[in-house]
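A.B. asks: Here you go, this is data16.txt (compact mmCIF, C-alpha atoms and all ligand atoms).
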```txt
# COMPACT_ATOMS: atom_id res chain seq x y z
CA MET U 31 -79.56 100.04 -10.65
CA THR U 32 -76.43 98.35 -11.92
CA ILE U 33 -75.58 94.78 -10.99
CA PHE U 34 -72.69 96.17 -8.99
CA GLU U 35 -75.04 98.15 -6.79
CA LYS U 36 -77.48 95.27 -6.47
CA THR U 37 -74.75 93.01 -5.24
CA TYR U 38 -74.01 95.35 -2.36
CA THR U 39 -77.55 95.95 -1.24
CA HIS U 40 -77.00 93.85 1.93
CA THR U 41 -73.40 94.71 2.67
CA THR U 42 -73.54 98.20 4.02
CA ASN U 43 -69.91 98.28 5.21
CA SER U 44 -68.55 97.12 1.91
CA ARG U 45 -70.61 99.65 0.12
CA LYS U 46 -69.18 102.44 2.28
CA HIS U 47 -65.72 101.10 1.69
CA ILE U 48 -66.06 101.11 -2.06
CA GLY U 49 -67.54 104.57 -2.19
CA SER U 50 -70.03 105.94 -4.59
CA ASN U 51 -67.55 106.30 -7.42
CA GLY U 52 -67.08 102.49 -7.46
CA ARG U 53 -63.31 102.79 -7.91
CA LYS U 54 -61.18 99.89 -6.69
CA PRO U 55 -58.70 100.69 -3.89
CA GLN U 56 -55.09 100.35 -5.01
CA ASN U 57 -52.43 97.95 -3.66
CA ILE U 58 -54.50 95.51 -1.66
CA SER U 59 -51.98 93.56 0.42
CA VAL U 60 -52.19 89.90 1.30
CA ASP U 61 -52.81 90.95 4.91
CA ASP U 62 -55.74 93.10 3.81
CA CYS U 63 -57.04 90.16 1.94
CA LEU U 64 -56.67 87.86 4.93
CA ASN U 65 -57.91 90.19 7.61
CA SER U 66 -60.52 92.42 6.12
CA LYS U 67 -63.88 90.97 5.33
CA SER U 68 -64.91 94.01 3.37
CA THR U 69 -61.85 93.89 1.12
CA LYS U 70 -62.43 90.24 0.51
CA THR U 71 -66.03 90.85 -0.36
CA TYR U 72 -65.01 93.74 -2.52
CA LEU U 73 -62.49 91.62 -4.42
CA LEU U 74 -65.08 88.97 -4.93
CA LYS U 75 -67.61 91.37 -6.29
CA SER U 76 -65.09 93.11 -8.53
CA LEU U 77 -64.18 89.80 -10.05
CA LEU U 78 -67.82 89.07 -10.68
CA ILE U 79 -68.37 92.36 -12.35
CA ASP U 80 -65.24 92.22 -14.47
CA LYS U 81 -65.75 88.73 -15.70
CA TYR U 82 -69.41 87.86 -15.86
CA ASP U 83 -72.75 89.13 -16.88
CA LEU U 84 -74.55 88.81 -13.60
CA SER U 85 -78.03 89.75 -14.57
CA ASP U 86 -79.17 86.24 -13.76
CA SER U 87 -79.32 85.98 -9.98
CA ILE U 88 -79.01 82.15 -9.73
CA GLU U 89 -75.90 82.29 -11.85
CA ARG U 90 -74.63 85.08 -9.67
CA LEU U 91 -75.13 83.05 -6.49
CA LYS U 92 -73.39 80.09 -8.07
CA ILE U 93 -70.37 82.14 -9.02
CA THR U 94 -70.32 83.87 -5.66
CA SER U 95 -70.26 80.52 -3.92
CA ILE U 96 -67.48 79.18 -6.17
CA LEU U 97 -65.39 82.28 -5.65
CA THR U 98 -65.99 82.32 -1.92
CA ASP U 99 -64.78 78.71 -1.74
CA SER U 100 -61.67 79.43 -3.75
CA LEU U 101 -60.93 82.55 -1.72
CA GLN U 102 -61.30 80.56 1.46
CA SER U 103 -58.95 77.87 0.24
CA MET U 104 -56.50 80.55 -0.88
CA GLU U 105 -56.74 82.13 2.57
CA THR U 106 -56.02 78.78 4.24
CA LYS U 107 -53.02 78.21 2.00
CA LEU U 108 -51.66 81.70 2.61
CA LYS U 109 -52.08 81.37 6.35
CA LYS U 110 -50.24 78.05 6.26
CA ARG U 111 -47.47 79.61 4.19
CA LYS U 112 -47.21 82.48 6.63
CA ILE U 113 -46.85 80.08 9.57
CA GLU U 114 -44.22 78.09 7.67
CA GLN U 115 -42.34 81.29 6.90
CA ILE U 116 -42.36 82.31 10.57
CA GLN U 117 -41.20 78.84 11.61
CA ALA U 118 -38.45 78.84 8.98
CA HIS U 119 -37.37 82.26 10.20
CA ASN U 120 -37.25 81.01 13.80
CA ASN U 121 -35.29 78.00 12.63
CA CYS U 122 -32.61 80.29 11.31
CA ILE U 123 -32.36 82.04 14.67
CA SER U 124 -32.44 79.34 17.34
CA MET U 125 -33.86 76.01 16.31
CA GLU U 126 -30.61 74.15 16.88
CA PRO U 127 -30.75 72.15 20.12
CA PRO U 128 -28.19 73.33 22.68
CA LYS U 129 -24.71 71.91 22.16
CA PHE U 130 -23.21 69.29 24.45
CA ILE U 131 -20.28 66.91 24.17
CA PRO U 132 -21.62 63.51 23.11
CA ILE U 133 -20.45 60.56 25.18
CA LYS U 134 -21.54 56.90 25.21
CA ILE U 135 -20.66 55.95 28.77
CA ASN U 136 -20.33 57.89 32.01
CA ASN U 137 -17.29 60.10 32.38
CA PRO U 138 -15.92 59.72 35.94
CA CYS U 139 -14.74 63.02 37.45
CA GLY U 140 -12.45 63.62 40.42
CA ASN U 141 -12.50 60.99 43.17
CA VAL U 142 -15.82 59.38 42.34
CA LYS U 143 -16.01 55.61 42.88
CA ILE U 144 -16.72 53.96 39.53
CA LYS U 145 -17.65 50.50 40.84
CA ASP U 146 -20.06 50.61 43.74
CA VAL U 147 -21.17 46.98 44.06
CA ASP U 148 -19.17 44.22 45.80
CA ASP U 149 -17.41 41.75 43.54
CA ASP U 150 -19.14 38.90 45.39
CA ASP U 151 -22.48 40.17 44.15
CA VAL U 152 -21.27 40.84 40.63
CA PHE U 153 -19.62 37.66 39.45
CA ASN U 154 -22.52 35.30 39.84
CA PRO U 155 -23.38 33.98 36.42
CA CYS U 156 -26.98 32.97 35.84
CA ASN U 157 -27.84 29.45 34.76
CA CYS U 158 -29.72 30.23 31.55
CA ASP U 159 -29.76 27.69 28.74
CA PRO U 160 -28.63 29.06 25.34
CA ASN U 161 -30.97 26.57 23.65
CA GLN U 162 -34.10 27.87 25.33
CA PRO U 163 -36.03 30.66 23.55
CA ASP U 164 -34.90 34.19 24.51
CA PRO U 165 -31.97 33.25 26.80
CA CYS U 166 -31.60 35.83 29.62
CA GLY U 167 -34.30 37.90 27.84
CA PRO U 168 -37.42 39.57 29.28
CA LYS U 169 -39.42 36.33 29.03
CA SER U 170 -36.77 34.20 30.71
CA SER U 171 -36.31 33.74 34.45
CA CYS U 172 -32.68 34.86 34.25
CA LEU U 173 -31.50 35.48 37.79
CA ASN U 174 -29.29 38.38 36.75
CA ARG U 175 -32.15 40.09 34.94
CA VAL U 176 -34.51 39.67 37.91
CA LEU U 177 -31.92 41.37 40.15
CA MET U 178 -31.28 44.06 37.51
CA PHE U 179 -27.72 42.92 36.89
CA GLU U 180 -26.54 42.86 33.30
CA CYS U 181 -24.90 39.57 32.28
CA ASP U 182 -21.15 39.62 31.85
CA PRO U 183 -20.54 38.48 28.23
CA GLU U 184 -17.49 36.51 29.36
CA LEU U 185 -19.33 34.62 32.06
CA CYS U 186 -22.90 34.11 30.87
CA PRO U 187 -23.64 30.44 30.01
CA ALA U 188 -25.89 31.64 27.17
CA GLY U 189 -22.81 33.13 25.47
CA ASP U 190 -23.55 35.06 22.26
CA LYS U 191 -27.24 34.29 22.65
CA CYS U 192 -27.55 36.18 25.95
CA ASN U 193 -30.26 38.82 25.73
CA ASN U 194 -29.30 40.62 28.89
CA GLN U 195 -26.60 42.97 27.64
CA GLN U 196 -28.60 46.01 26.67
CA PHE U 197 -26.36 48.63 28.30
CA LYS U 198 -23.37 47.09 26.52
CA LYS U 199 -25.05 46.85 23.11
CA GLN U 200 -26.64 50.33 23.15
CA LEU U 201 -29.29 49.46 20.55
CA TYR U 202 -31.37 52.59 20.97
CA PRO U 203 -34.51 53.53 18.99
CA THR U 204 -34.27 56.61 16.77
CA LEU U 205 -34.75 59.65 18.99
CA THR U 206 -34.73 63.35 18.24
CA PRO U 207 -34.74 66.54 20.32
CA PHE U 208 -37.50 69.06 19.65
CA LEU U 209 -38.47 72.43 21.05
CA THR U 210 -41.46 72.14 23.40
CA ARG U 211 -43.96 74.94 23.92
CA ASN U 212 -43.11 75.58 27.58
CA ARG U 213 -40.33 73.28 28.86
CA GLY U 214 -37.36 74.12 26.66
CA TRP U 215 -36.16 71.18 24.59
CA GLY U 216 -37.63 67.71 24.88
CA LEU U 217 -36.97 64.31 23.35
CA LYS U 218 -39.33 62.35 21.12
CA THR U 219 -39.19 58.96 19.48
CA LEU U 220 -39.26 58.39 15.72
CA ASP U 221 -39.82 54.65 16.24
CA ILE U 222 -42.62 52.68 17.85
CA ILE U 223 -41.44 51.61 21.30
CA LYS U 224 -42.87 48.55 23.01
CA LYS U 225 -43.61 48.39 26.74
CA GLY U 226 -40.55 47.39 28.75
CA THR U 227 -38.02 48.34 26.05
CA PHE U 228 -34.69 49.70 27.16
CA ILE U 229 -34.69 53.10 25.43
CA ILE U 230 -31.41 54.79 26.32
CA GLU U 231 -28.85 55.02 29.09
CA TYR U 232 -28.74 58.29 31.04
CA VAL U 233 -25.07 59.24 30.82
CA GLY U 234 -22.96 62.24 31.76
CA ASP U 235 -20.14 63.25 34.05
CA LEU U 236 -20.08 60.95 37.07
CA LEU U 237 -19.59 63.11 40.17
CA ASP U 238 -18.95 62.53 43.84
CA ARG U 239 -20.85 64.60 46.41
CA GLU U 240 -18.15 67.27 46.65
CA GLU U 241 -18.06 67.93 42.91
CA PHE U 242 -21.87 67.88 42.76
CA ASN U 243 -22.10 70.52 45.52
CA LYS U 244 -19.64 72.74 43.63
CA ARG U 245 -21.56 72.49 40.39
CA MET U 246 -24.89 72.99 42.12
CA GLU U 247 -23.61 76.17 43.78
CA ALA U 248 -22.52 77.52 40.40
CA ILE U 249 -25.92 76.71 38.90
CA ILE U 250 -27.72 78.52 41.73
CA LYS U 251 -25.44 81.56 41.31
CA GLU U 252 -26.01 81.68 37.57
CA ARG U 253 -29.76 81.20 38.13
CA ASN U 254 -29.63 78.46 35.54
CA GLU U 255 -33.07 76.83 35.32
CA ASN U 256 -32.05 73.65 33.53
CA HIS U 257 -30.53 70.91 35.68
CA TYR U 258 -29.23 67.67 34.24
CA PHE U 259 -28.39 65.84 37.48
CA PHE U 260 -29.46 62.29 38.21
CA HIS U 261 -28.76 61.02 41.72
CA ILE U 262 -27.71 57.38 41.67
CA SER U 263 -26.82 57.53 45.35
CA ASN U 264 -25.63 60.09 47.84
CA SER U 265 -22.07 59.77 46.59
CA ARG U 266 -22.59 59.14 42.86
CA ILE U 267 -24.39 61.69 40.73
CA ILE U 268 -24.66 61.92 36.94
CA ASP U 269 -24.45 65.41 35.42
CA ALA U 270 -25.44 65.51 31.73
CA GLY U 271 -25.16 69.32 31.58
CA SER U 272 -22.11 69.54 29.35
CA ARG U 273 -21.42 65.87 28.48
CA GLY U 274 -24.15 63.34 27.75
CA ASN U 275 -26.33 61.76 25.11
CA LEU U 276 -29.86 62.49 23.85
CA SER U 277 -31.37 61.38 27.16
CA ARG U 278 -30.34 64.78 28.56
CA PHE U 279 -33.29 66.31 26.68
CA MET U 280 -35.87 64.18 28.48
CA ASN U 281 -38.29 66.26 30.51
CA HIS U 282 -40.12 65.43 33.72
CA SER U 283 -43.76 64.38 33.80
CA CYS U 284 -46.11 63.58 36.67
CA ASP U 285 -47.74 61.04 34.31
CA PRO U 286 -44.70 59.59 32.54
CA ASN U 287 -44.39 57.08 29.70
CA CYS U 288 -40.87 56.07 30.76
CA GLU U 289 -39.11 55.17 33.97
CA ALA U 290 -35.47 55.39 35.02
CA TYR U 291 -34.12 52.17 36.57
CA LYS U 292 -30.74 51.50 38.15
CA TRP U 293 -28.92 48.48 36.76
CA VAL U 294 -25.56 47.01 37.73
CA ILE U 295 -23.08 46.41 34.92
CA LYS U 296 -19.76 44.86 35.93
CA GLY U 297 -20.06 46.26 39.44
CA GLU U 298 -21.10 49.75 38.39
CA THR U 299 -24.62 51.09 38.97
CA ARG U 300 -25.87 52.79 35.82
CA VAL U 301 -29.19 54.32 34.83
CA GLY U 302 -31.41 53.10 32.00
CA ILE U 303 -34.60 54.66 30.70
CA PHE U 304 -37.30 52.08 29.98
CA ALA U 305 -40.78 52.33 28.38
CA LEU U 306 -43.63 52.02 30.88
CA HIS U 307 -46.09 51.19 28.08
CA ASP U 308 -46.27 51.06 24.27
CA ILE U 309 -45.25 54.44 22.84
CA SER U 310 -46.22 55.64 19.36
CA VAL U 311 -44.04 57.46 16.81
CA GLY U 312 -43.63 61.19 17.49
CA THR U 313 -44.47 60.96 21.21
CA GLU U 314 -42.43 62.91 23.73
CA LEU U 315 -40.48 60.66 26.10
CA VAL U 316 -40.78 61.74 29.72
CA PHE U 317 -40.03 60.25 33.11
CA ASP U 318 -40.74 61.18 36.71
CA TYR U 319 -37.58 62.85 38.02
CA ASN U 320 -38.49 61.82 41.59
CA PHE U 321 -36.46 64.86 42.33
CA GLN U 322 -35.61 65.80 45.90
CA ASN U 323 -35.70 69.55 45.98
CA VAL U 324 -32.41 71.02 47.17
CA LYS U 325 -32.76 73.11 50.35
CA GLY U 326 -32.73 76.83 49.61
CA VAL U 327 -33.58 76.37 45.94
CA THR U 328 -36.98 77.60 44.82
CA LYS U 329 -39.21 74.75 43.76
CA MET U 330 -39.63 74.66 40.02
CA PRO U 331 -43.24 74.80 38.75
CA CYS U 332 -44.10 71.76 36.66
CA GLN U 333 -45.44 72.33 33.17
CA CYS U 334 -45.99 68.70 32.27
CA GLY U 335 -49.68 69.30 31.56
CA ALA U 336 -50.81 65.97 33.03
CA ASP U 337 -54.22 65.84 34.71
CA LYS U 338 -52.55 64.58 37.86
CA CYS U 339 -49.71 67.13 37.73
CA SER U 340 -48.42 67.89 41.23
CA LYS U 341 -47.68 71.49 40.07
CA PHE U 342 -44.01 71.31 41.10
CA ILE U 343 -41.17 69.17 39.81
CA GLY U 344 -40.28 66.77 42.56
CA VAL U 345 -40.97 66.88 46.26
C1 LIG D 1 -32.74 67.23 31.94
S1 LIG D 1 -33.27 68.82 31.45
C2 LIG D 1 -34.46 68.48 30.19
C3 LIG D 1 -34.15 69.20 28.91
C4 LIG D 1 -34.40 70.69 28.97
N1 LIG D 1 -35.84 70.96 28.80
C5 LIG D 1 -33.61 71.45 27.90
O1 LIG D 1 -34.17 72.34 27.24
O2 LIG D 1 -32.43 71.18 27.74
C6 LIG D 1 -34.21 69.27 32.85
C7 LIG D 1 -34.73 70.70 32.84
O3 LIG D 1 -35.80 70.85 31.90
C8 LIG D 1 -36.84 71.65 32.43
N2 LIG D 1 -38.03 70.80 32.63
C9 LIG D 1 -38.10 69.47 32.54
N3 LIG D 1 -39.33 69.01 32.79
C10 LIG D 1 -40.08 70.08 33.05
C11 LIG D 1 -41.46 70.26 33.40
N4 LIG D 1 -42.29 69.23 33.53
N5 LIG D 1 -41.90 71.53 33.62
C12 LIG D 1 -41.06 72.58 33.52
N6 LIG D 1 -39.75 72.48 33.17
C13 LIG D 1 -39.27 71.24 32.95
C14 LIG D 1 -36.33 72.18 33.76
O4 LIG D 1 -35.69 73.42 33.53
C15 LIG D 1 -35.33 71.12 34.17
O5 LIG D 1 -34.33 71.60 35.06
ZN ZN D 2 -29.34 34.56 32.20
ZN ZN D 3 -26.96 36.22 30.04
ZN ZN D 4 -46.41 67.83 36.36
```
Represent the structure from my file as structure tokens, please.
Ligand SMILES: C[S@@+](CC[C@H](N)C(=O)[O-])C[C@H]1O[C@@H](n2cnc3c(N)ncnc32)[C@H](O)[C@@H]1O
Ligand SMILES: [Zn+2]
Ligand SMILES: [Zn+2]
Ligand SMILES: [Zn+2]
C.D. replies:
Amino acid sequence: MTIFEKTYTHTTNSRKHIGSNGRKPQNISVDDCLNSKSTKTYLLKSLLIDKYDLSDSIERLKITSILTDSLQSMETKLKKRKIEQIQAHNNCISMEPPKFIPIKINNPCGNVKIKDVDDDDVFNPCNCDPNQPDPCGPKSSCLNRVLMFECDPELCPAGDKCNNQQFKKQLYPTLTPFLTRNRGWGLKTLDIIKKGTFIIEYVGDLLDREEFNKRMEAIIKERNENHYFFHISNSRIIDAGSRGNLSRFMNHSCDPNCEAYKWVIKGETRVGIFALHDISVGTELVFDYNFQNVKGVTKMPCQCGADKCSKFIGV
């Protein structure tokens, strides 16, 4: 019995595959190599036969083990390469996030009221001391901050040192859209974000009720699944569908790491997204839409994946 035959004593299938003439099959593809155990075994054995004198069985086992390891690592590398190739291919087709017109502040449309808070409430400067640590900041007892009013830079006694002008300064962490598995595009952070941080303002077209109803009707007609509305009040609604910033990619979660809060800036109620707890690099940023389902519109199933998912977006 030749060494070749001995090697195959326990691998009936492989033996059948090779055939009694012992000839190697031609043109073994990478797929064959990855998917077929018998081809892999065959390749391994052929290599052994071609290269080594395998009369010594310990030596043979040693070589078999080395070759099996290297074949396995080759298989892993090839699989990885295949996945990368598929991903690169997909990239070419549709990995660009949907286009929108970038804006930094809300774009009022039609007859919407821009300022919605009485002047009497707005122009009340706090009494923070610029020489205290963190004037008007999160650790201060700034009256404006407590009431969720941003300080007016012209009126705040802390002047340049005022730390309650986050909507004005727009110092956002680095954020990037990415394609989720089941919720379209999402937004993730490339920076560490600390609990309480102002992440980004939710901006878009600012609509009154009439304009909102028109746009909603069109969306229902077109059966468009993605909505970008944020209801500040009954008569002021943000629509980030065609104009907005990266916040428009933020998805809903029933167990969110962010929260949307309404702040007043120079008499105008605006929406800021804040971190509910520390958030690590690469994490998707999500908030609870607290969405009131529109009558006549089918409730959208929630795919947030949280243990406490309510199964539908909103109530
Ligand atoms: C403000 S957009 C978020 C970005 C959107 N995923 C995209 O691809 O542009 C809101 C829309 O995203 C989808 N979405 C957000 N959160 C979701 C969730 N938890 N489950 C399913 N779909 C979700 C819904 O279609 C929703 O109307
Ligand atoms: Zn203050
Ligand atoms: Zn201030
Ligand atoms: Zn959910």
A.B. asks: What's around Leu276 in chain U at 10 Å? Count all atoms listed in the file, leave out sequence neighbours fewer than 2 positions away in its own chain, and write the answer as number ranges by chain.
C.D. replies: U: 130, 132-133, 205-207, 216-218, 230-233, 270, 274, 278-280
A.B. asks: Residues within 7 Å of ligand LIG 1 (chain D) should be enumerated using all atoms listed in the file and returned as a ChimeraX atom specification.
C.D. replies: /U:128,212-216,255-258,278-283,330-334,343
A.B. asks: Could you turn the residues from that selection into a file that holds C-alpha atoms, as a PDB file, in the coordinates of the input?
C.D. replies:
```pdb
ATOM      1  CA  PRO U 128     -28.190  73.330  22.680  1.00  0.00           C
ATOM      2  CA  ASN U 212     -43.110  75.580  27.580  1.00  0.00           C
ATOM      3  CA  ARG U 213     -40.330  73.280  28.860  1.00  0.00           C
ATOM      4  CA  GLY U 214     -37.360  74.120  26.660  1.00  0.00           C
ATOM      5  CA  TRP U 215     -36.160  71.180  24.590  1.00  0.00           C
ATOM      6  CA  GLY U 216     -37.630  67.710  24.880  1.00  0.00           C
ATOM      7  CA  GLU U 255     -33.070  76.830  35.320  1.00  0.00           C
ATOM      8  CA  ASN U 256     -32.050  73.650  33.530  1.00  0.00           C
ATOM      9  CA  HIS U 257     -30.530  70.910  35.680  1.00  0.00           C
ATOM     10  CA  TYR U 258     -29.230  67.670  34.240  1.00  0.00           C
ATOM     11  CA  ARG U 278     -30.340  64.780  28.560  1.00  0.00           C
ATOM     12  CA  PHE U 279     -33.290  66.310  26.680  1.00  0.00           C
ATOM     13  CA  MET U 280     -35.870  64.180  28.480  1.00  0.00           C
ATOM     14  CA  ASN U 281     -38.290  66.260  30.510  1.00  0.00           C
ATOM     15  CA  HIS U 282     -40.120  65.430  33.720  1.00  0.00           C
ATOM     16  CA  SER U 283     -43.760  64.380  33.800  1.00  0.00           C
ATOM     17  CA  MET U 330     -39.630  74.660  40.020  1.00  0.00           C
ATOM     18  CA  PRO U 331     -43.240  74.800  38.750  1.00  0.00           C
ATOM     19  CA  CYS U 332     -44.100  71.760  36.660  1.00  0.00           C
ATOM     20  CA  GLN U 333     -45.440  72.330  33.170  1.00  0.00           C
ATOM     21  CA  CYS U 334     -45.990  68.700  32.270  1.00  0.00           C
ATOM     22  CA  ILE U 343     -41.170  69.170  39.810  1.00  0.00           C
TER      23      ILE U 343
END
```
A.B. asks: Just checking: using all atoms listed in the file, which residue out of U:Gln162, U:Ser263, U:Thr210, U:Ser310 ends up closest to Lys292 in chain U?
C.D. replies: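 Ranked by minimum distance to Lys292 in chain U, first place goes to U:Ser263.
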A.B. asks: With all atoms listed in the file as the atoms that count, which of U:Cys192, U:Ile96, U:Cys156, U:Ile262 lies nearest to Thr299 in chain U?
C.D. replies: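 Between U:Cys192, U:Ile96, U:Cys156, U:Ile262, the residue approaching Thr299 in chain U most closely is U:Ile262.
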A.B. asks: Work out how far CA of Ala305 in chain U is from CA of Asn194 in chain U, in Å to one decimal.
C.D. replies: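 Computing it gives 16.4 Å between the two atoms.
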A.B. asks: Using only C-alpha atoms and all ligand atoms, find each residue with an atom at most 7 Å away from ligand ZN 3 (chain D) and format the answer as a short mmCIF file (atom, residue, chain, number, x, y, z; two decimals) with C-alpha atoms, keeping the file's coordinate frame.
C.D. replies:
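New file pocket-v4.cif:
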```
data_model
loop_
_atom_site.label_atom_id
_atom_site.label_comp_id
_atom_site.auth_asym_id
_atom_site.auth_seq_id
_atom_site.Cartn_x
_atom_site.Cartn_y
_atom_site.Cartn_z
CA CYS U 156 -26.98 32.97 35.84
CA CYS U 158 -29.72 30.23 31.55
CA PRO U 165 -31.97 33.25 26.80
CA CYS U 166 -31.60 35.83 29.62
CA CYS U 181 -24.90 39.57 32.28
CA ASP U 182 -21.15 39.62 31.85
CA CYS U 186 -22.90 34.11 30.87
CA PRO U 187 -23.64 30.44 30.01
CA ALA U 188 -25.89 31.64 27.17
CA GLY U 189 -22.81 33.13 25.47
CA CYS U 192 -27.55 36.18 25.95
CA ASN U 193 -30.26 38.82 25.73
CA ASN U 194 -29.30 40.62 28.89
#
```
A.B. asks: Have a look at CA of Ser265 in chain U and CA of Lys199 in chain U and let me know their distance in Å, one decimal.
C.D. replies: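 Between these atoms lies a distance of 27.0 Å.
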A.B. asks: Interatomic distance between CA of Lys145 in chain U and CA of Leu315 in chain U?
C.D. replies: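 Distance reported for this atom pair: 29.0 Å.
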A.B. asks: Do you know which residues lie at most 12 Å from (-33.3, 39.4, 41.8), with coordinates as in the file and all atoms listed in the file counted, and could you write them as a list of chain:residue names?
C.D. replies: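 It turns out the residues near that spot are U:Asp151, U:Asn154, U:Cys156, U:Ser171, U:Cys172, U:Leu173, U:Asn174, U:Arg175, U:Val176, U:Leu177, U:Met178, U:Phe179, U:Glu180, U:Trp293, U:Val294.
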A.B. asks: So which one's closest to ligand ZN 4 (chain D), U:Cys284, U:Tyr319, U:Asp308, U:Pro163? Using only C-alpha atoms and all ligand atoms, please.
C.D. replies: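 Nearest candidate to ligand ZN 4 (chain D) out of U:Cys284, U:Tyr319, U:Asp308, U:Pro163: U:Cys284.
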A.B. asks: Every residue with an atom at most 12 Å from (-28.3, 64.2, 38.1) (file coordinates; all atoms listed in the file) is what I'm after, so could you write them as a PDB file with C-alpha atoms, in the coordinates of the input?
C.D. replies:
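Here's the written file point22.pdb:
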```pdb
ATOM      1  CA  ASN U 136     -20.330  57.890  32.010  1.00  0.00           C
ATOM      2  CA  TYR U 232     -28.740  58.290  31.040  1.00  0.00           C
ATOM      3  CA  VAL U 233     -25.070  59.240  30.820  1.00  0.00           C
ATOM      4  CA  GLY U 234     -22.960  62.240  31.760  1.00  0.00           C
ATOM      5  CA  ASP U 235     -20.140  63.250  34.050  1.00  0.00           C
ATOM      6  CA  LEU U 236     -20.080  60.950  37.070  1.00  0.00           C
ATOM      7  CA  LEU U 237     -19.590  63.110  40.170  1.00  0.00           C
ATOM      8  CA  ASP U 238     -18.950  62.530  43.840  1.00  0.00           C
ATOM      9  CA  ARG U 239     -20.850  64.600  46.410  1.00  0.00           C
ATOM     10  CA  GLU U 241     -18.060  67.930  42.910  1.00  0.00           C
ATOM     11  CA  PHE U 242     -21.870  67.880  42.760  1.00  0.00           C
ATOM     12  CA  ASN U 243     -22.100  70.520  45.520  1.00  0.00           C
ATOM     13  CA  ARG U 245     -21.560  72.490  40.390  1.00  0.00           C
ATOM     14  CA  MET U 246     -24.890  72.990  42.120  1.00  0.00           C
ATOM     15  CA  ASN U 256     -32.050  73.650  33.530  1.00  0.00           C
ATOM     16  CA  HIS U 257     -30.530  70.910  35.680  1.00  0.00           C
ATOM     17  CA  TYR U 258     -29.230  67.670  34.240  1.00  0.00           C
ATOM     18  CA  PHE U 259     -28.390  65.840  37.480  1.00  0.00           C
ATOM     19  CA  PHE U 260     -29.460  62.290  38.210  1.00  0.00           C
ATOM     20  CA  HIS U 261     -28.760  61.020  41.720  1.00  0.00           C
ATOM     21  CA  ILE U 262     -27.710  57.380  41.670  1.00  0.00           C
ATOM     22  CA  SER U 263     -26.820  57.530  45.350  1.00  0.00           C
ATOM     23  CA  ASN U 264     -25.630  60.090  47.840  1.00  0.00           C
ATOM     24  CA  SER U 265     -22.070  59.770  46.590  1.00  0.00           C
ATOM     25  CA  ARG U 266     -22.590  59.140  42.860  1.00  0.00           C
ATOM     26  CA  ILE U 267     -24.390  61.690  40.730  1.00  0.00           C
ATOM     27  CA  ILE U 268     -24.660  61.920  36.940  1.00  0.00           C
ATOM     28  CA  ASP U 269     -24.450  65.410  35.420  1.00  0.00           C
ATOM     29  CA  ALA U 270     -25.440  65.510  31.730  1.00  0.00           C
ATOM     30  CA  GLY U 271     -25.160  69.320  31.580  1.00  0.00           C
ATOM     31  CA  SER U 272     -22.110  69.540  29.350  1.00  0.00           C
ATOM     32  CA  ARG U 273     -21.420  65.870  28.480  1.00  0.00           C
ATOM     33  CA  GLY U 274     -24.150  63.340  27.750  1.00  0.00           C
ATOM     34  CA  SER U 277     -31.370  61.380  27.160  1.00  0.00           C
ATOM     35  CA  ARG U 278     -30.340  64.780  28.560  1.00  0.00           C
ATOM     36  CA  ALA U 290     -35.470  55.390  35.020  1.00  0.00           C
ATOM     37  CA  ARG U 300     -25.870  52.790  35.820  1.00  0.00           C
ATOM     38  CA  VAL U 301     -29.190  54.320  34.830  1.00  0.00           C
ATOM     39  CA  TYR U 319     -37.580  62.850  38.020  1.00  0.00           C
ATOM     40  CA  ASN U 320     -38.490  61.820  41.590  1.00  0.00           C
ATOM     41  CA  PHE U 321     -36.460  64.860  42.330  1.00  0.00           C
ATOM     42  CA  GLN U 322     -35.610  65.800  45.900  1.00  0.00           C
TER      43      GLN U 322
END
```
A.B. asks: Identify, on the basis of only C-alpha atoms, every residue whose closest approach to Val311 in chain U does not exceed 7 Å; exclude the query and any residue fewer than 6 positions from it along the same chain; express the result as a list of chain:residue names.
C.D. replies: U:Thr219, U:Leu220, U:Asp221, U:Ile222
A.B. asks: Would you please work out which residue, of U:Ile250, U:Cys288, U:Cys339, U:Met125, is nearest to Ile309 in chain U when using only C-alpha atoms?
C.D. replies: U:Cys288
A.B. asks: Smallest atom-to-atom distance to ligand ZN 2 (chain D): which of U:Lys244, U:Lys224, U:Lys198, U:Lys191, using only C-alpha atoms and all ligand atoms?
C.D. replies: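 So, comparing all the options, the nearest one is U:Lys191.
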A.B. asks: Name the closest residue to ligand ZN 4 (chain D) among the candidates U:Asp285, U:Glu184, U:Glu126, U:Asp99; distances are taken between atoms, counting all atoms listed in the file.
C.D. replies: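 Of all the options, U:Asp285 lies closest to ligand ZN 4 (chain D).
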